[in-house]
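work.cif follows (mmCIF, C-alpha atoms):
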```cif
data_data
#
loop_
_atom_site.label_atom_id
_atom_site.label_comp_id
_atom_site.auth_asym_id
_atom_site.auth_seq_id
_atom_site.Cartn_x
_atom_site.Cartn_y
_atom_site.Cartn_z
CA MET A 1 -32.73 -38.15 -15.21
CA GLN A 2 -35.92 -36.45 -16.40
CA ASN A 3 -37.31 -36.61 -12.86
CA TRP A 4 -34.07 -35.24 -11.41
CA VAL A 5 -34.15 -32.25 -13.76
CA ARG A 6 -37.81 -31.61 -12.93
CA ASP A 7 -37.12 -31.87 -9.17
CA ASN A 8 -34.22 -29.43 -9.37
CA GLY A 9 -35.54 -27.06 -12.02
CA LEU A 10 -35.28 -23.89 -9.94
CA GLY A 11 -31.63 -24.41 -9.00
CA LEU A 12 -30.70 -25.56 -12.51
CA PHE A 13 -32.45 -22.62 -14.17
CA PHE A 14 -30.77 -19.99 -12.01
CA GLY A 15 -27.41 -21.80 -12.20
CA ALA A 16 -27.62 -21.78 -15.99
CA ILE A 17 -28.62 -18.13 -16.36
CA PHE A 18 -25.97 -17.19 -13.76
CA LEU A 19 -23.24 -18.78 -15.89
CA ALA A 20 -24.64 -17.33 -19.11
CA THR A 21 -24.77 -13.80 -17.71
CA LEU A 22 -21.31 -14.13 -16.10
CA VAL A 23 -19.91 -15.06 -19.53
CA GLY A 24 -21.84 -12.14 -21.04
CA GLN A 25 -20.42 -9.79 -18.42
CA ALA A 26 -16.88 -11.04 -19.16
CA LEU A 27 -17.33 -10.42 -22.90
CA VAL A 28 -18.79 -6.93 -22.67
CA GLY A 29 -16.52 -6.01 -19.75
CA HIS A 30 -13.52 -7.04 -21.85
CA ALA A 31 -14.75 -4.91 -24.76
CA ASP A 32 -15.33 -1.95 -22.44
CA PHE A 33 -11.88 -2.34 -20.82
CA ASN A 34 -10.16 -2.42 -24.20
CA HIS A 35 -12.16 0.58 -25.40
CA ASP A 36 -10.73 2.44 -22.42
CA GLN A 37 -7.23 1.15 -23.20
CA LEU A 38 -7.42 2.52 -26.74
CA ARG A 39 -8.71 5.88 -25.51
CA HIS A 40 -5.56 6.08 -23.35
CA HIS A 41 -3.34 5.03 -26.31
CA ASP A 42 -2.66 1.66 -24.61
CA ASP A 43 -2.87 -1.73 -26.29
CA PRO A 44 -5.88 -4.06 -25.83
CA ILE A 45 -5.48 -7.08 -23.57
CA SER A 46 -6.70 -10.64 -24.14
CA LEU A 47 -9.99 -11.95 -22.78
CA GLY A 48 -8.12 -14.40 -20.53
CA ARG A 49 -6.00 -11.60 -19.08
CA TYR A 50 -9.11 -9.50 -18.50
CA VAL A 51 -11.03 -12.29 -16.74
CA LEU A 52 -8.12 -12.75 -14.31
CA SER A 53 -7.74 -8.99 -13.78
CA SER A 54 -8.79 -6.99 -10.76
CA ASP A 55 -11.11 -4.91 -12.93
CA PHE A 56 -13.31 -7.92 -13.71
CA GLY A 57 -12.96 -9.30 -10.17
CA SER A 58 -14.06 -6.05 -8.63
CA ASP A 59 -17.07 -5.67 -10.94
CA VAL A 60 -18.25 -9.21 -10.15
CA MET A 61 -17.62 -9.13 -6.42
CA GLU A 62 -19.31 -5.81 -5.72
CA ASN A 63 -22.56 -7.34 -6.95
CA TRP A 64 -22.11 -10.68 -5.22
CA GLN A 65 -21.50 -9.13 -1.82
CA SER A 66 -24.59 -6.96 -2.03
CA GLU A 67 -26.82 -9.89 -3.03
CA TYR A 68 -25.61 -12.00 -0.12
CA LEU A 69 -25.97 -9.07 2.28
CA GLN A 70 -29.54 -8.58 1.07
CA PHE A 71 -30.54 -12.19 1.75
CA THR A 72 -28.55 -12.29 4.99
CA LEU A 73 -30.50 -9.31 6.31
CA TYR A 74 -33.78 -10.69 5.00
CA ILE A 75 -33.24 -14.03 6.75
CA LEU A 76 -32.25 -12.26 9.97
CA MET A 77 -34.86 -9.49 10.03
CA THR A 78 -37.79 -11.77 9.20
CA VAL A 79 -37.09 -13.62 12.48
CA TRP A 80 -38.21 -10.57 14.47
CA LEU A 81 -39.84 -8.00 12.17
CA LEU A 82 -43.36 -8.33 10.77
CA GLN A 83 -44.96 -6.94 7.63
CA ARG A 84 -48.67 -7.30 8.21
CA GLY A 85 -50.41 -8.62 5.11
CA SER A 86 -47.22 -9.86 3.44
CA PRO A 87 -46.63 -13.52 2.55
CA GLU A 88 -42.94 -12.82 3.21
CA SER A 89 -43.67 -12.18 6.91
CA LYS A 90 -44.38 -14.46 9.82
CA LYS A 91 -47.83 -14.38 11.36
CA PRO A 92 -48.20 -11.79 14.15
CA GLY A 93 -47.43 -13.24 17.58
CA ILE A 94 -44.63 -15.63 16.67
CA GLN A 95 -41.78 -13.16 16.28
CA GLY A 96 -38.42 -14.37 17.54
CA LEU A 97 -36.62 -17.70 17.55
CA GLU A 98 -39.81 -19.68 18.45
CA SER A 99 -40.08 -22.71 20.76
CA ASP A 100 -38.15 -25.98 20.37
CA GLN A 101 -41.47 -27.65 19.65
CA ASP A 102 -42.30 -25.26 16.81
CA GLN A 103 -38.77 -25.58 15.43
CA LYS A 104 -38.70 -29.38 15.83
CA VAL A 105 -35.39 -29.52 17.69
CA GLY A 106 -34.12 -31.63 20.61
CA GLU A 107 -36.80 -34.00 21.86
CA HIS A 108 -39.26 -32.65 19.29
CA THR A 109 -37.41 -34.00 16.27
CA THR A 110 -38.98 -36.52 13.94
CA ALA A 111 -37.44 -39.54 12.25
CA GLN A 112 -36.80 -37.44 9.16
CA SER A 113 -35.18 -34.53 11.03
CA PRO A 114 -31.50 -33.71 10.27
CA SER A 115 -29.30 -35.41 12.90
CA TRP A 116 -27.80 -32.13 14.19
CA ALA A 117 -31.30 -30.89 15.05
CA ARG A 118 -31.56 -33.79 17.51
CA PHE A 119 -28.44 -33.47 19.70
CA GLY A 120 -29.57 -30.45 21.72
CA ASP A 121 -25.98 -29.22 22.23
CA TRP A 122 -23.64 -26.87 20.30
CA ARG A 123 -24.29 -28.84 17.14
CA THR A 124 -27.99 -28.02 17.26
CA ALA A 125 -27.20 -24.37 18.05
CA LEU A 126 -24.81 -24.24 15.09
CA TYR A 127 -27.21 -26.01 12.73
CA SER A 128 -30.05 -23.74 13.87
CA ASN A 129 -28.10 -20.76 12.49
CA SER A 130 -26.25 -22.49 9.66
CA LEU A 131 -28.04 -20.70 6.82
CA LEU A 132 -27.26 -17.28 8.27
CA ILE A 133 -23.65 -18.25 9.10
CA VAL A 134 -22.93 -19.38 5.55
CA MET A 135 -24.66 -16.35 3.99
CA VAL A 136 -22.67 -13.98 6.25
CA ALA A 137 -19.44 -15.81 5.39
CA ILE A 138 -20.07 -15.50 1.64
CA TRP A 139 -21.07 -11.83 2.03
CA LEU A 140 -17.95 -10.92 4.02
CA GLY A 141 -15.76 -13.06 1.76
CA SER A 142 -16.98 -11.44 -1.44
CA TRP A 143 -16.86 -7.95 0.12
CA SER A 144 -13.24 -8.60 1.15
CA VAL A 145 -12.36 -9.70 -2.39
CA GLN A 146 -14.11 -6.58 -3.72
CA SER A 147 -11.83 -4.49 -1.50
CA ILE A 148 -8.69 -6.36 -2.65
CA THR A 149 -9.48 -6.32 -6.37
CA GLY A 150 -10.96 -2.81 -6.20
CA HIS A 151 -7.78 -1.59 -4.49
CA ASN A 152 -5.66 -2.99 -7.31
CA ALA A 153 -7.90 -1.54 -10.04
CA TYR A 154 -7.93 1.84 -8.25
CA ASN A 155 -4.12 1.92 -8.13
CA ALA A 156 -3.97 1.11 -11.85
CA THR A 157 -5.86 4.35 -12.46
CA GLN A 158 -3.59 6.16 -10.00
CA PHE A 159 -0.49 5.05 -11.93
CA ASP A 160 -2.13 5.88 -15.25
CA HIS A 161 -2.55 9.46 -13.96
CA GLN A 162 1.03 9.58 -12.58
CA GLN A 163 -0.13 9.43 -8.98
CA ALA A 164 1.14 7.31 -6.10
CA ALA A 165 -0.62 4.12 -4.97
CA VAL A 166 -2.93 4.17 -1.95
CA SER A 167 -2.75 1.48 0.75
CA TRP A 168 -5.52 -1.11 1.13
CA LEU A 169 -6.68 0.66 4.29
CA GLY A 170 -6.58 3.96 2.41
CA TYR A 171 -8.65 2.43 -0.38
CA VAL A 172 -11.44 1.16 1.88
CA GLY A 173 -11.81 4.76 3.08
CA THR A 174 -12.14 6.16 -0.45
CA SER A 175 -15.32 7.38 -2.07
CA ASP A 176 -14.65 4.88 -4.91
CA PHE A 177 -14.99 1.88 -2.58
CA TRP A 178 -18.07 3.20 -0.81
CA ASN A 179 -19.71 4.41 -4.01
CA ARG A 180 -19.32 0.93 -5.51
CA THR A 181 -20.64 -0.62 -2.29
CA LEU A 182 -23.59 1.65 -1.53
CA GLN A 183 -24.89 1.85 -5.11
CA ASN A 184 -25.41 -1.91 -4.91
CA TRP A 185 -26.76 -2.00 -1.36
CA GLN A 186 -29.47 0.60 -1.98
CA SER A 187 -30.86 -1.26 -4.99
CA GLU A 188 -30.95 -4.58 -3.12
CA PHE A 189 -32.71 -3.07 -0.13
CA LEU A 190 -35.24 -1.35 -2.39
CA ALA A 191 -35.99 -4.60 -4.26
CA VAL A 192 -36.45 -6.77 -1.18
CA GLY A 193 -38.41 -4.12 0.72
CA SER A 194 -40.74 -3.47 -2.18
CA MET A 195 -41.35 -7.21 -2.65
CA ALA A 196 -42.38 -7.52 1.00
CA VAL A 197 -44.80 -4.58 0.69
CA LEU A 198 -46.13 -5.06 -2.86
CA SER A 199 -47.03 -8.68 -2.10
CA ILE A 200 -49.58 -7.42 0.45
CA TYR A 201 -51.79 -6.14 -2.39
CA LEU A 202 -50.52 -7.85 -5.54
CA ARG A 203 -50.58 -11.55 -6.49
CA GLN A 204 -48.82 -13.97 -8.79
CA ARG A 205 -51.01 -16.97 -9.25
CA GLY A 206 -49.09 -20.19 -8.57
CA SER A 207 -46.00 -18.61 -6.98
CA PRO A 208 -45.05 -19.51 -3.38
CA GLU A 209 -43.74 -15.94 -3.10
CA SER A 210 -47.35 -14.74 -3.37
CA LYS A 211 -50.49 -15.31 -1.38
CA PRO A 212 -53.24 -17.22 -3.20
CA VAL A 213 -55.02 -14.81 -5.55
CA GLY A 214 -58.20 -14.78 -3.48
CA SER A 215 -56.50 -14.26 -0.10
CA PRO A 216 -57.43 -11.05 1.70
CA HIS A 217 -54.89 -8.22 1.83
CA ALA A 218 -54.78 -8.52 5.62
CA ALA A 219 -53.66 -12.18 5.57
CA THR A 220 -50.07 -12.36 6.83
CA GLY A 221 -47.55 -15.16 6.21
CA THR A 222 -49.19 -18.42 5.22
CA GLU A 223 -52.62 -17.29 6.45
CA SER A 224 -55.21 -17.48 3.67
CA MET B 1 -11.83 -16.86 4.18
CA LEU B 2 -11.19 -18.92 1.05
CA LEU B 3 -12.31 -16.24 -1.43
CA PRO B 4 -10.03 -13.43 -0.15
CA LEU B 5 -7.07 -15.82 0.16
CA THR B 6 -7.58 -17.06 -3.40
CA ALA B 7 -7.78 -13.47 -4.65
CA LEU B 8 -4.55 -12.57 -2.84
CA VAL B 9 -2.71 -15.64 -4.18
CA LEU B 10 -3.95 -15.04 -7.75
CA ALA B 11 -3.06 -11.35 -7.56
CA GLY B 12 0.39 -12.18 -6.13
CA CYS B 13 1.22 -14.87 -8.72
CA GLY B 14 0.02 -12.80 -11.66
CA GLN B 15 1.92 -9.72 -10.60
CA SER B 16 5.35 -11.15 -9.66
CA SER B 17 6.29 -11.71 -13.31
CA ASP B 18 4.88 -8.29 -14.23
CA ARG B 19 6.96 -6.67 -11.48
CA ALA B 20 10.09 -8.32 -12.88
CA ALA B 21 9.20 -7.19 -16.42
CA ALA B 22 8.50 -3.58 -15.34
CA ARG B 23 11.79 -3.49 -13.42
CA ALA B 24 13.67 -4.93 -16.43
CA ALA B 25 12.17 -2.33 -18.81
CA THR B 26 13.18 0.48 -16.44
CA GLU B 27 16.71 -0.88 -16.03
CA ARG B 28 17.06 -1.34 -19.80
CA PHE B 29 16.18 2.33 -20.27
CA LEU B 30 18.51 3.56 -17.53
CA THR B 31 21.43 1.45 -18.75
CA ALA B 32 20.98 2.68 -22.33
CA PHE B 33 20.50 6.29 -21.16
CA ARG B 34 23.75 6.21 -19.19
CA ALA B 35 25.55 4.64 -22.17
CA ASP B 36 24.18 7.30 -24.57
CA ASP B 37 22.52 4.53 -26.58
CA GLY B 38 19.53 6.52 -27.81
CA ALA B 39 18.00 3.74 -29.89
CA ALA B 40 18.01 1.25 -27.01
CA ALA B 41 16.68 3.87 -24.57
CA CYS B 42 13.83 4.76 -26.92
CA ALA B 43 12.93 1.09 -27.36
CA ALA B 44 11.97 1.04 -23.66
CA LEU B 45 9.52 3.94 -24.11
CA SER B 46 5.91 3.59 -25.25
CA SER B 47 5.12 4.93 -28.72
CA GLU B 48 3.11 7.80 -27.18
CA THR B 49 6.04 8.74 -24.94
CA ARG B 50 8.40 8.75 -27.95
CA LYS B 51 5.94 11.01 -29.80
CA ALA B 52 5.78 13.37 -26.78
CA LEU B 53 9.56 13.56 -26.69
CA ALA B 54 9.74 14.25 -30.42
CA ARG B 55 7.23 17.10 -30.00
CA GLU B 56 9.03 18.61 -27.01
CA GLU B 57 12.57 18.34 -28.33
CA SER B 58 11.75 18.80 -32.06
CA GLY B 59 13.69 15.75 -33.16
CA PRO B 60 13.52 11.98 -33.38
CA CYS B 61 13.67 10.11 -30.09
CA PRO B 62 17.09 8.42 -30.45
CA GLU B 63 18.73 11.80 -31.07
CA THR B 64 16.93 13.76 -28.36
CA VAL B 65 16.43 11.33 -25.49
CA GLY B 66 19.91 12.14 -24.15
CA ALA B 67 18.78 15.73 -23.49
CA LEU B 68 16.42 14.59 -20.72
CA GLU B 69 17.52 15.63 -17.23
CA LEU B 70 17.20 12.53 -15.09
CA ASP B 71 18.68 11.68 -11.69
CA GLY B 72 18.19 7.92 -12.24
CA GLY B 73 19.64 5.57 -9.63
CA ALA B 74 18.99 1.98 -8.73
CA VAL B 75 15.46 0.58 -8.61
CA THR B 76 14.22 0.65 -5.01
CA LYS B 77 10.55 -0.33 -5.39
CA VAL B 78 8.26 -1.76 -8.08
CA GLN B 79 4.46 -1.64 -7.83
CA VAL B 80 2.17 -3.20 -10.43
CA ALA B 81 -1.59 -2.72 -10.74
CA VAL B 82 -3.39 -4.44 -13.64
CA THR B 83 -1.73 -2.94 -16.76
CA ASN B 84 0.08 -0.05 -15.04
CA ALA B 85 3.20 0.12 -12.90
CA LYS B 86 5.28 2.56 -10.88
CA VAL B 87 9.00 2.09 -10.31
CA ASP B 88 10.83 4.18 -7.71
CA LEU B 89 14.53 5.00 -8.12
CA ALA B 90 17.22 5.71 -5.53
CA GLY B 91 17.66 9.27 -6.85
CA GLY B 92 14.11 10.09 -5.69
CA GLU B 93 12.43 9.98 -9.09
CA SER B 94 9.70 7.59 -10.22
CA VAL B 95 9.02 5.96 -13.58
CA PHE B 96 5.49 5.03 -14.71
CA LEU B 97 4.94 2.17 -17.14
CA SER B 98 2.05 0.58 -18.98
CA GLU B 99 1.75 -2.90 -20.41
CA GLN B 100 1.74 -2.87 -24.21
CA ALA B 101 1.36 -5.75 -26.67
CA ALA B 102 5.17 -5.88 -26.95
CA GLY B 103 5.69 -5.80 -23.16
CA TRP B 104 6.07 -3.19 -20.44
CA ARG B 105 7.00 0.26 -21.76
CA ILE B 106 7.70 3.57 -20.00
CA SER B 107 4.88 6.11 -20.19
CA ALA B 108 6.42 8.78 -17.92
CA LEU B 109 9.85 9.28 -16.38
CA GLY B 110 11.77 11.66 -14.18
CA CYS B 111 8.64 12.08 -12.06
CA ARG B 112 8.59 13.69 -8.62
CA PRO B 113 5.67 14.49 -6.29
CA ASP B 114 4.13 17.89 -6.98
CA GLY B 115 1.85 17.90 -3.93
CA PRO B 116 0.13 15.13 -1.96
CA PRO B 117 1.32 12.10 -4.02
CA THR B 118 -1.98 10.17 -3.98
CA THR B 119 -4.13 13.10 -5.07
CA VAL B 120 -1.92 15.34 -7.28
CA PRO B 121 -0.18 13.95 -10.40
CA PHE B 122 3.62 13.84 -10.22
CA ALA B 123 5.56 16.43 -12.21
CA CYS B 124 7.48 14.48 -14.86
CA GLU B 125 10.46 15.32 -17.07
CA LEU B 126 8.69 13.43 -19.87
CA GLU B 127 5.20 11.92 -20.08
CA ALA B 128 3.00 10.58 -22.83
#
```
Encoded form using structure tokens:
Amino acid sequence: MQNWVRDNGLGLFFGAIFLATLVGQALVGHADFNHDQLRHHDDPISLGRYVLSSDFGSDVMENWQSEYLQFTLYILMTVWLLQRGSPESKKPGIQGLESDQDQKVGEHTTAQSPSWARFGDWRTALYSNSLLIVMVAIWLGSWSVQSITGHNAYNATQFDHQQAAVSWLGYVGTSDFWNRTLQNWQSEFLAVGSMAVLSIYLRQRGSPESKPVGSPHAATGTES
Amino acid sequence: MLLPLTALVLAGCGQSSDRAAARAATERFLTAFRADDGAAACAALSSETRKALAREESGPCPETVGALELDGGAVTKVQVAVTNAKVDLAGGESVFLSEQAAGWRISALGCRPDGPPTTVPFACELEA
């Protein structure tokens, strides 16, 4: 058990702080929602009702979708684009999908290779892109839920102001939907872009996200 | 695919009972209004709406609610979003409701579009 926890510390740590912060968001989001209710002379709602509401769903999903888009783009762009000097980049000269030998697929598999890397047919093609496929699916899924829950929350405000509801298609064309979307996208792109660039010159001793402290600034990828 | 479907199912299940409750509150008001039962009609209004009526008509709600000019009619459409709802009536008017601790209550009634309906608030005979 102790070994299992040590071997999975990264996943366990982020899983735990994810749940803790999601609970925190539910609590403060509930308080904020009810504050708004009272300002409009409406009654507060229960925490359970709030957690199942479109308001909470929209607030959670707009952040999820942007995180998954960020990593989707990072996985995809690092196949072809270089950042010279960054440990986040491939070495110059190996941009692209690389050879079967380098990627250990088909006849180049080893005894420990995943079985779908070995077949050389559609299964290998699918497995070769499985990380991106799943990340795109989660991104589009959470963005779709953001649009559904955001639409419902938007119409609640419409009704509160004695205005008619907008359609789902109408909602995804509103400034509300795109403001919620783009305010998250820009921050994700800034964070990932700055990590790629700052890691050229800055170090964190012991982190695989950094080059070794003594590596030259010009060393790209795993060069040292 | 699973996430959006789950959201749609959850939203649908949660709102079907709310739609029925918002419709029932509207019908309770309309039935009482037609029967000149001021007390029952006022019970379907939110406390803020009753206060607004008392201010406008200079009298307690049960005695003044009958002075409202409403076209009424059967309920033709009910839309619920979180804790707010809009109910359309056959006479062309709409009723807006909000969910209170005691259930769904009317926050505005006798409302008609006063411009583009999604961007300009409806003009209402009575609103909180």
Using all atoms of range 125-140 of chain A that appear in the file, construct an axis-aligned enclosing box with 5 Å of padding on every side and provide its centre coordinates and edge lengths in Å, rounded to one decimal, as AutoDock Vina command-line options.
```
--center_x -24.0 --center_y -18.5 --center_z 9.8 --size_x 22.1 --size_y 25.1 --size_z 26.4
```
### Task
For chain B, work out the contacting residues on chain A at 9 Å, counting all atoms listed in the file, and write them as JSON, numbers by chain.
{"A": [41, 42, 43, 44, 45, 52, 53, 54, 55, 57, 137, 138, 140, 141, 142, 143, 144, 145, 146, 148, 149, 151, 152, 153, 154, 155, 156, 157, 158, 159, 160, 161, 162, 163, 164, 165, 166]}
Those selected residues, please, written with C-alpha atoms and delivered as a PDB file, in the frame of the given file.
```
ATOM      1  CA  HIS A  41      -3.340   5.030 -26.310  1.00  0.00           C
ATOM      2  CA  ASP A  42      -2.660   1.660 -24.610  1.00  0.00           C
ATOM      3  CA  ASP A  43      -2.870  -1.730 -26.290  1.00  0.00           C
ATOM      4  CA  PRO A  44      -5.880  -4.060 -25.830  1.00  0.00           C
ATOM      5  CA  ILE A  45      -5.480  -7.080 -23.570  1.00  0.00           C
ATOM      6  CA  LEU A  52      -8.120 -12.750 -14.310  1.00  0.00           C
ATOM      7  CA  SER A  53      -7.740  -8.990 -13.780  1.00  0.00           C
ATOM      8  CA  SER A  54      -8.790  -6.990 -10.760  1.00  0.00           C
ATOM      9  CA  ASP A  55     -11.110  -4.910 -12.930  1.00  0.00           C
ATOM     10  CA  GLY A  57     -12.960  -9.300 -10.170  1.00  0.00           C
ATOM     11  CA  ALA A 137     -19.440 -15.810   5.390  1.00  0.00           C
ATOM     12  CA  ILE A 138     -20.070 -15.500   1.640  1.00  0.00           C
ATOM     13  CA  LEU A 140     -17.950 -10.920   4.020  1.00  0.00           C
ATOM     14  CA  GLY A 141     -15.760 -13.060   1.760  1.00  0.00           C
ATOM     15  CA  SER A 142     -16.980 -11.440  -1.440  1.00  0.00           C
ATOM     16  CA  TRP A 143     -16.860  -7.950   0.120  1.00  0.00           C
ATOM     17  CA  SER A 144     -13.240  -8.600   1.150  1.00  0.00           C
ATOM     18  CA  VAL A 145     -12.360  -9.700  -2.390  1.00  0.00           C
ATOM     19  CA  GLN A 146     -14.110  -6.580  -3.720  1.00  0.00           C
ATOM     20  CA  ILE A 148      -8.690  -6.360  -2.650  1.00  0.00           C
ATOM     21  CA  THR A 149      -9.480  -6.320  -6.370  1.00  0.00           C
ATOM     22  CA  HIS A 151      -7.780  -1.590  -4.490  1.00  0.00           C
ATOM     23  CA  ASN A 152      -5.660  -2.990  -7.310  1.00  0.00           C
ATOM     24  CA  ALA A 153      -7.900  -1.540 -10.040  1.00  0.00           C
ATOM     25  CA  TYR A 154      -7.930   1.840  -8.250  1.00  0.00           C
ATOM     26  CA  ASN A 155      -4.120   1.920  -8.130  1.00  0.00           C
ATOM     27  CA  ALA A 156      -3.970   1.110 -11.850  1.00  0.00           C
ATOM     28  CA  THR A 157      -5.860   4.350 -12.460  1.00  0.00           C
ATOM     29  CA  GLN A 158      -3.590   6.160 -10.000  1.00  0.00           C
ATOM     30  CA  PHE A 159      -0.490   5.050 -11.930  1.00  0.00           C
ATOM     31  CA  ASP A 160      -2.130   5.880 -15.250  1.00  0.00           C
ATOM     32  CA  HIS A 161      -2.550   9.460 -13.960  1.00  0.00           C
ATOM     33  CA  GLN A 162       1.030   9.580 -12.580  1.00  0.00           C
ATOM     34  CA  GLN A 163      -0.130   9.430  -8.980  1.00  0.00           C
ATOM     35  CA  ALA A 164       1.140   7.310  -6.100  1.00  0.00           C
ATOM     36  CA  ALA A 165      -0.620   4.120  -4.970  1.00  0.00           C
ATOM     37  CA  VAL A 166      -2.930   4.170  -1.950  1.00  0.00           C
TER      38      VAL A 166
END
```
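CA of Trp122 in chain A lies 25.3 Å from CA of Tyr68 in chain A.
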### Query
Could you spell out the hits of the PyMOL selection byres ((chain A and resi 174-190) around 7) on the shown file, as a ChimeraX atom specification?
/A:62-63,66-67,70,170-173,191-194
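Take CA of Ala22 in chain B and CA of Gly59 in chain B: the distance between them is 26.8 Å.
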Taking (19.5, 6.9, -6.1) as a centre in this file's frame and 8 Å as the limit, can you find every polymer residue with an atom that close, using all atoms listed in the file, and give them as a CSV table (one decimal) with C-alpha atoms, in the frame of the given file?
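The resulting file, selection-v7.csv, is shown below:
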```csv
chain,number,residue,atom,x,y,z
B,71,ASP,CA,18.7,11.7,-11.7
B,72,GLY,CA,18.2,7.9,-12.2
B,73,GLY,CA,19.6,5.6,-9.6
B,74,ALA,CA,19.0,2.0,-8.7
B,75,VAL,CA,15.5,0.6,-8.6
B,89,LEU,CA,14.5,5.0,-8.1
B,90,ALA,CA,17.2,5.7,-5.5
B,91,GLY,CA,17.7,9.3,-6.8
B,92,GLY,CA,14.1,10.1,-5.7
```
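Once the PyMOL selection byres ((chain A and resi 83) around 12) is applied to the depicted file, the selected set reads Met77, Thr78, Val79, Trp80, Leu81, Leu82, Arg84, Gly85, Ser86, Pro87, Glu88, Ser89, Lys90, Lys91, Pro92, Gln95, Gly193, Ser194, Met195, Ala196, Val197, Leu198, Ser199, Ile200, His217, Ala218, Ala219, Thr220 and Gly221 of chain A.
Here CA of Gln25 in chain A and CA of Val60 in chain A stand 8.6 Å from one another.
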Residues near range 102-104 of chain A, anyone? I mean within 12 Å using all atoms listed in the file, not counting same-chain ones fewer than 2 positions away, as a compact mmCIF listing (two decimals) with C-alpha atoms, keeping the file's coordinate frame.
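Printed below is around_10.txt as written:
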```txt
# COMPACT_ATOMS: atom_id res chain seq x y z
CA ILE A 94 -44.63 -15.63 16.67
CA GLY A 96 -38.42 -14.37 17.54
CA LEU A 97 -36.62 -17.70 17.55
CA GLU A 98 -39.81 -19.68 18.45
CA SER A 99 -40.08 -22.71 20.76
CA ASP A 100 -38.15 -25.98 20.37
CA GLY A 106 -34.12 -31.63 20.61
CA GLU A 107 -36.80 -34.00 21.86
CA HIS A 108 -39.26 -32.65 19.29
CA THR A 109 -37.41 -34.00 16.27
CA THR A 110 -38.98 -36.52 13.94
CA ALA A 111 -37.44 -39.54 12.25
CA GLN A 112 -36.80 -37.44 9.16
CA SER A 113 -35.18 -34.53 11.03
CA PRO A 114 -31.50 -33.71 10.27
CA SER A 115 -29.30 -35.41 12.90
CA TRP A 116 -27.80 -32.13 14.19
CA ALA A 117 -31.30 -30.89 15.05
CA ARG A 118 -31.56 -33.79 17.51
CA PHE A 119 -28.44 -33.47 19.70
CA GLY A 120 -29.57 -30.45 21.72
CA THR A 124 -27.99 -28.02 17.26
CA ALA A 125 -27.20 -24.37 18.05
CA TYR A 127 -27.21 -26.01 12.73
CA SER A 128 -30.05 -23.74 13.87
```
Hits of the PyMOL selection byres ((chain B and resi 27-35) around 12) in this structure, as an mmCIF file with C-alpha atoms, in the frame of the given file:
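Result written to expr.cif:
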```cif
data_model
loop_
_atom_site.group_PDB
_atom_site.id
_atom_site.type_symbol
_atom_site.label_atom_id
_atom_site.label_comp_id
_atom_site.auth_asym_id
_atom_site.auth_seq_id
_atom_site.Cartn_x
_atom_site.Cartn_y
_atom_site.Cartn_z
ATOM 1 C CA ALA B 20 10.090 -8.320 -12.880
ATOM 2 C CA ALA B 21 9.200 -7.190 -16.420
ATOM 3 C CA ALA B 22 8.500 -3.580 -15.340
ATOM 4 C CA ARG B 23 11.790 -3.490 -13.420
ATOM 5 C CA ALA B 24 13.670 -4.930 -16.430
ATOM 6 C CA ALA B 25 12.170 -2.330 -18.810
ATOM 7 C CA THR B 26 13.180 0.480 -16.440
ATOM 8 C CA ASP B 36 24.180 7.300 -24.570
ATOM 9 C CA ASP B 37 22.520 4.530 -26.580
ATOM 10 C CA GLY B 38 19.530 6.520 -27.810
ATOM 11 C CA ALA B 39 18.000 3.740 -29.890
ATOM 12 C CA ALA B 40 18.010 1.250 -27.010
ATOM 13 C CA ALA B 41 16.680 3.870 -24.570
ATOM 14 C CA CYS B 42 13.830 4.760 -26.920
ATOM 15 C CA ALA B 43 12.930 1.090 -27.360
ATOM 16 C CA ALA B 44 11.970 1.040 -23.660
ATOM 17 C CA LEU B 45 9.520 3.940 -24.110
ATOM 18 C CA SER B 46 5.910 3.590 -25.250
ATOM 19 C CA CYS B 61 13.670 10.110 -30.090
ATOM 20 C CA PRO B 62 17.090 8.420 -30.450
ATOM 21 C CA GLU B 63 18.730 11.800 -31.070
ATOM 22 C CA THR B 64 16.930 13.760 -28.360
ATOM 23 C CA VAL B 65 16.430 11.330 -25.490
ATOM 24 C CA GLY B 66 19.910 12.140 -24.150
ATOM 25 C CA ALA B 67 18.780 15.730 -23.490
ATOM 26 C CA LEU B 68 16.420 14.590 -20.720
ATOM 27 C CA GLU B 69 17.520 15.630 -17.230
ATOM 28 C CA LEU B 70 17.200 12.530 -15.090
ATOM 29 C CA ASP B 71 18.680 11.680 -11.690
ATOM 30 C CA GLY B 72 18.190 7.920 -12.240
ATOM 31 C CA GLY B 73 19.640 5.570 -9.630
ATOM 32 C CA ALA B 74 18.990 1.980 -8.730
ATOM 33 C CA VAL B 75 15.460 0.580 -8.610
ATOM 34 C CA THR B 76 14.220 0.650 -5.010
ATOM 35 C CA VAL B 78 8.260 -1.760 -8.080
ATOM 36 C CA VAL B 87 9.000 2.090 -10.310
ATOM 37 C CA ASP B 88 10.830 4.180 -7.710
ATOM 38 C CA LEU B 89 14.530 5.000 -8.120
ATOM 39 C CA VAL B 95 9.020 5.960 -13.580
ATOM 40 C CA LEU B 97 4.940 2.170 -17.140
ATOM 41 C CA TRP B 104 6.070 -3.190 -20.440
ATOM 42 C CA ARG B 105 7.000 0.260 -21.760
ATOM 43 C CA ILE B 106 7.700 3.570 -20.000
ATOM 44 C CA SER B 107 4.880 6.110 -20.190
ATOM 45 C CA ALA B 108 6.420 8.780 -17.920
ATOM 46 C CA LEU B 109 9.850 9.280 -16.380
ATOM 47 C CA GLY B 110 11.770 11.660 -14.180
#
```
